[in-house]
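Undergrad: The structure's right below; bear with me while I get my questions together.
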Amino acid sequence: MKKAGLHILFLFILQQVVFAQKDTANLEDVVVTATRTERKVGNVAVPVTIITNKNIKQAASLRLNDILNEQTGIFINDIGFGTGIQMQGLSADYSLILLNGEPLIGRNSGVLDLKRIAVGNIQKIEIVRGPSSSLYGSEAMAGVINLITKEDSKNKLSASLRYGSFETFDASASAYFKINKTKIQLFSNAFHTQLYSVRPFSVEKNLEPLWKYNHQIYISNAISNKTKLTLLARYSLENFTTKFATTNLGTVVYSDGFEKHIDYAINPTITHQFSNKIKSVVRFYHSNYESNQDLATTSTKDYYDYFRQRLYKLENQTDFNITKKLNLITGIGYIYENAKSSRYDSERSLKESKVGYAFLQTEYNFNKKFTAIGGVRYDNNSNYASAVSPKISCSYRPNAKWHFTASAGYGFKAPDFRQLYLNFTNTAAGGYTVLGALEAVTKITQLQQQGLIANTTSEYNKLKTLKPETSLGINIGAAFQPNTTTKISVNFFRNNLDNLIEYAQVASYNGGAQIYSYINLNKAFTKGVELNVAHKISKTLFTNFGYQLLFSGNTEEVDKIKQGLIYTRDANGISRKLEMSEYFGLTNRSRHTANFKLQYEKNNFYCNARVMYHSRWAVADKDGNGVYNTNDEFASGYLQLNLTAGYNFKKHYTMQVGCNNITNYSDFNYLPTLMGRNFFISINYN
């Protein structure tokens, strides 16, 4: 509580400074993530979505998962390791999350928990769909989400307080001011929520009592007319208690304790404009993430888990405006990353990764209607084979109403520390073991010599040095704007994935507990179409509709079904060949997702309703044939309705009220993190 008091005191002091200045806002319709340089949204050649600060505020979003959950083609799910994102049917491992262009670290089993990230000071969020490894390297197979913080031109100070169901409390304050040529931005956020149980009268809990704190400072100084120096520093802390029950092989283990996460980073950048044709940027980035979990259990051993990851990155990017038609971007960089964990062979054992990379992108404007962009990146990692990631895209605008885009590119994801070095036995959940690919054969051999292994599986023979996962992604889109009130856009996509890294059971202990490891198993694909329609009904009423149709599958499974090698059972229990029409594809993916938004805005009042729909998704192989088909177990589809209303009064104040999940939908088994109906009220000062 002493630390909590210090954080709240800092927030209170900042709020006192806040109640003194005037508000001003300026948001340009510019995107930088797609090309690493500023481009108007209408001029980029890949699928891009921009979420503005106004969108975030009027949806009353507090954390990143709140606002992303309402976007077309994005599925937010919690698989037990945090709240992750799914884009174009690709799981959370394959989406790169950036803050001002730099990667956020601290993934748990490949998932970067979106609930960690406060959005109170975010100016806009840029979502680029499709492989982006040609610019950003590993983890950008599905796309990139870049959070860009506010940078105002005049003094601006604001504060907000919010209280809601489940004793949820959120307080934020931000300040922007200028001292001579130096611009300074401060942001602070404190968040608390109380224990929430998805199963009343059960020890199994979710959304434990927690405190979250986020502090950030951004300093910008114009050294001269040509040189600019910026510094971004941030710090966040999560502290919460845990109390839950887990079951493995029929054994129920009760756990009680605490968990803490610390995340901080520093990012100095210097930009120099050599001439009106050459600009160069040098970026240094250091980030540290630390997680500590300590549980008392009813098993023979208590549970302790420690993880620390550090990343150091140095990069130079130079932009050349060679002619009016030709632009060139070059870059070179080096990344040093290390991690240590109680889940490795030793908590003191430091695991390292070193990456040298270079990228090149060229853009040529043939005329006012047609633009082509080509790029390639080379990554040389100390732990796996080098990767080359090319991409080409083009944009064609025949007239003011139509805009056509097409892109094709390779993406890759490098094996992470967990997949390489893990050596972890979960005593709090039945004693199963997970081993990294570089540890598995040696460790299992030692256990066999000790007489502790009952058997190995067929997957054991597939253990070898992991290869990077790769994908070829194709996006073809069109946008049609018949008038000033309506815009329709559609994007067709396909991703072919190779060398997917999956965990599989490779052995069993004598007592029956499982041993898992990671292997390059399968080829897979995702394909589908995304549709967005925006329409202005009147001066005060606006609508947005989004829909995604998604197909996914394992390529080897599809081939076996076509060859008649996979069977299922009919209603009478009689075995028969599985039909291709019965194949559902990959697990945890809805075939149909949609959203609808209705916004009313007049004078100082606004009100919006947002509806999100997800069709059913496969969760368990009920008939035991090794593939997911219509005879298996599915989570039910669901519809979620959120409503927010706000009123601006006395020039600087906004009052907000709202309710999320109005229908009070819940699914204890497959959506354990979806809160029931929750109300909130907030007041904001600008």
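Following the order of the structure tokens, chains are lettered A, B, ..., residues in each are numbered from 1, and ligands are numbered from 1.
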Can you list, as a list in words, every protein, DNA or RNA residue that comes within 12 Å of A:Ser581 when you count only C-alpha atoms, leaving out same-chain residues fewer than 5 positions away?

TA: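 So, after excluding close chain neighbours, the residues are Val558, Ile561, Lys562, Tyr628, Asn629, Thr630 and Asn631 of chain A.
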
Undergrad: Keeping only C-alpha atoms, write the selected residues as a compact mmCIF listing (two decimals), in the first residue's frame.

TA:
# COMPACT_ATOMS: atom_id res chain seq x y z
CA VAL A 558 -6.84 -30.91 -46.00
CA ILE A 561 -9.32 -35.48 -46.06
CA LYS A 562 -9.25 -35.25 -49.85
CA TYR A 628 -11.54 -29.95 -36.14
CA ASN A 629 -14.81 -30.63 -37.94
CA THR A 630 -18.54 -30.05 -37.50
CA ASN A 631 -18.84 -33.09 -35.18

Undergrad: What's around stretch 216-233 of chain A at 7 Å? Count only C-alpha atoms, leave out sequence neighbours fewer than 3 positions away in its own chain, and write the answer as a list of chain:residue names.

TA: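 These residues fall inside the cut-off: A:Lys181, A:Thr182, A:Lys183, A:Ile184, A:Gln185, A:Leu186, A:Phe187, A:Ser188, A:Ala265, A:Ile266, A:Asn267, A:Pro268, A:Thr269, A:Ile270, A:Thr271, A:His272, A:Gln273.
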
Undergrad: Fewer than 5 positions away in the same chain doesn't count, so skip those; otherwise give me all residues within 8 Å of stretch 406-412 of chain A, counting only C-alpha atoms, as JSON, numbers by chain.

TA: {"A": [45, 46, 130, 131, 132, 133, 134, 137, 138, 139, 140, 141, 142, 387, 389, 390, 391, 392, 393, 394, 395, 468, 469, 470, 471, 472, 473, 474, 475, 476, 477]}

Undergrad: Run DSSP on the backbone and give me the residues of stretch 308-391 of chain A it puts in strand (DSSP E or B), as an mmCIF file with C-alpha atoms, in the first residue's frame.

TA:
data_model
loop_
_atom_site.group_PDB
_atom_site.id
_atom_site.type_symbol
_atom_site.label_atom_id
_atom_site.label_comp_id
_atom_site.auth_asym_id
_atom_site.auth_seq_id
_atom_site.Cartn_x
_atom_site.Cartn_y
_atom_site.Cartn_z
ATOM 1 C CA ARG A 308 13.113 -11.045 -17.022
ATOM 2 C CA GLN A 309 13.655 -9.904 -20.589
ATOM 3 C CA ARG A 310 15.835 -7.051 -21.818
ATOM 4 C CA LEU A 311 16.115 -5.603 -25.316
ATOM 5 C CA TYR A 312 18.670 -3.137 -26.697
ATOM 6 C CA LYS A 313 18.215 -1.752 -30.193
ATOM 7 C CA LEU A 314 20.228 0.734 -32.259
ATOM 8 C CA GLU A 315 18.975 1.737 -35.700
ATOM 9 C CA ASN A 316 19.616 4.286 -38.418
ATOM 10 C CA GLN A 317 17.023 5.085 -41.086
ATOM 11 C CA THR A 318 17.682 7.482 -43.945
ATOM 12 C CA ASP A 319 15.020 8.761 -46.340
ATOM 13 C CA PHE A 320 15.986 9.952 -49.824
ATOM 14 C CA ASN A 321 13.592 12.053 -51.879
ATOM 15 C CA LEU A 326 11.178 8.343 -56.726
ATOM 16 C CA ASN A 327 11.662 7.935 -52.957
ATOM 17 C CA LEU A 328 14.092 5.602 -51.214
ATOM 18 C CA ILE A 329 14.305 4.427 -47.595
ATOM 19 C CA THR A 330 17.345 2.599 -46.240
ATOM 20 C CA GLY A 331 17.999 1.291 -42.767
ATOM 21 C CA ILE A 332 20.485 -0.711 -40.760
ATOM 22 C CA GLY A 333 20.285 -1.857 -37.154
ATOM 23 C CA TYR A 334 21.398 -4.190 -34.406
ATOM 24 C CA ILE A 335 19.361 -5.839 -31.646
ATOM 25 C CA TYR A 336 20.751 -7.497 -28.547
ATOM 26 C CA GLU A 337 18.236 -9.334 -26.402
ATOM 27 C CA ASN A 338 18.617 -11.483 -23.311
ATOM 28 C CA ALA A 339 16.351 -13.287 -20.895
ATOM 29 C CA LYS A 340 16.570 -15.329 -17.737
ATOM 30 C CA SER A 341 13.862 -17.278 -15.995
ATOM 31 C CA LYS A 351 19.975 -16.677 -22.705
ATOM 32 C CA GLU A 352 21.006 -14.325 -25.514
ATOM 33 C CA SER A 353 19.956 -13.365 -29.022
ATOM 34 C CA LYS A 354 21.831 -11.078 -31.407
ATOM 35 C CA VAL A 355 20.310 -9.776 -34.627
ATOM 36 C CA GLY A 356 21.892 -7.636 -37.308
ATOM 37 C CA TYR A 357 19.540 -6.370 -39.999
ATOM 38 C CA ALA A 358 19.234 -4.067 -42.973
ATOM 39 C CA PHE A 359 16.229 -2.972 -45.012
ATOM 40 C CA LEU A 360 15.561 -1.121 -48.244
ATOM 41 C CA GLN A 361 12.321 0.273 -49.648
ATOM 42 C CA THR A 362 11.707 2.189 -52.836
ATOM 43 C CA GLU A 363 8.569 3.999 -53.950
ATOM 44 C CA TYR A 364 7.960 5.096 -57.521
ATOM 45 C CA ASN A 365 5.049 7.280 -58.623
ATOM 46 C CA PHE A 370 -0.365 4.651 -60.121
ATOM 47 C CA THR A 371 2.279 4.040 -57.427
ATOM 48 C CA ALA A 372 4.455 0.977 -56.826
ATOM 49 C CA ILE A 373 6.403 0.180 -53.646
ATOM 50 C CA GLY A 374 9.007 -2.540 -53.266
ATOM 51 C CA GLY A 375 11.041 -3.485 -50.208
ATOM 52 C CA VAL A 376 13.257 -6.155 -48.707
ATOM 53 C CA ARG A 377 14.804 -6.818 -45.295
ATOM 54 C CA TYR A 378 17.645 -9.142 -44.254
ATOM 55 C CA ASP A 379 17.870 -10.465 -40.674
ATOM 56 C CA ASN A 380 20.878 -12.389 -39.370
ATOM 57 C CA ASN A 381 20.144 -13.979 -35.964
ATOM 58 C CA ALA A 387 15.785 -14.574 -43.054
ATOM 59 C CA VAL A 388 15.055 -12.521 -46.172
ATOM 60 C CA SER A 389 11.657 -10.775 -46.291
ATOM 61 C CA PRO A 390 10.666 -9.129 -49.593
ATOM 62 C CA LYS A 391 7.411 -7.280 -50.276
#

Undergrad: Quick one: residues within 7 Å of stretch 618-621 of chain A, only C-alpha atoms, excluding same-chain residues fewer than 3 positions away - as a list in words?

TA: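 That gives Thr587, Asn588, Gly624, Gly626, Val627, Tyr628, Asp632, Glu633, Phe634 and Ala635 of chain A.
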
Undergrad: Using only C-alpha atoms for the distances, tell me which of A:Ala513, A:Leu598, A:Leu210, A:Ala385 is nearest to A:Ala454.

TA: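 That would be A:Ala513, the residue with the smallest distance to A:Ala454.
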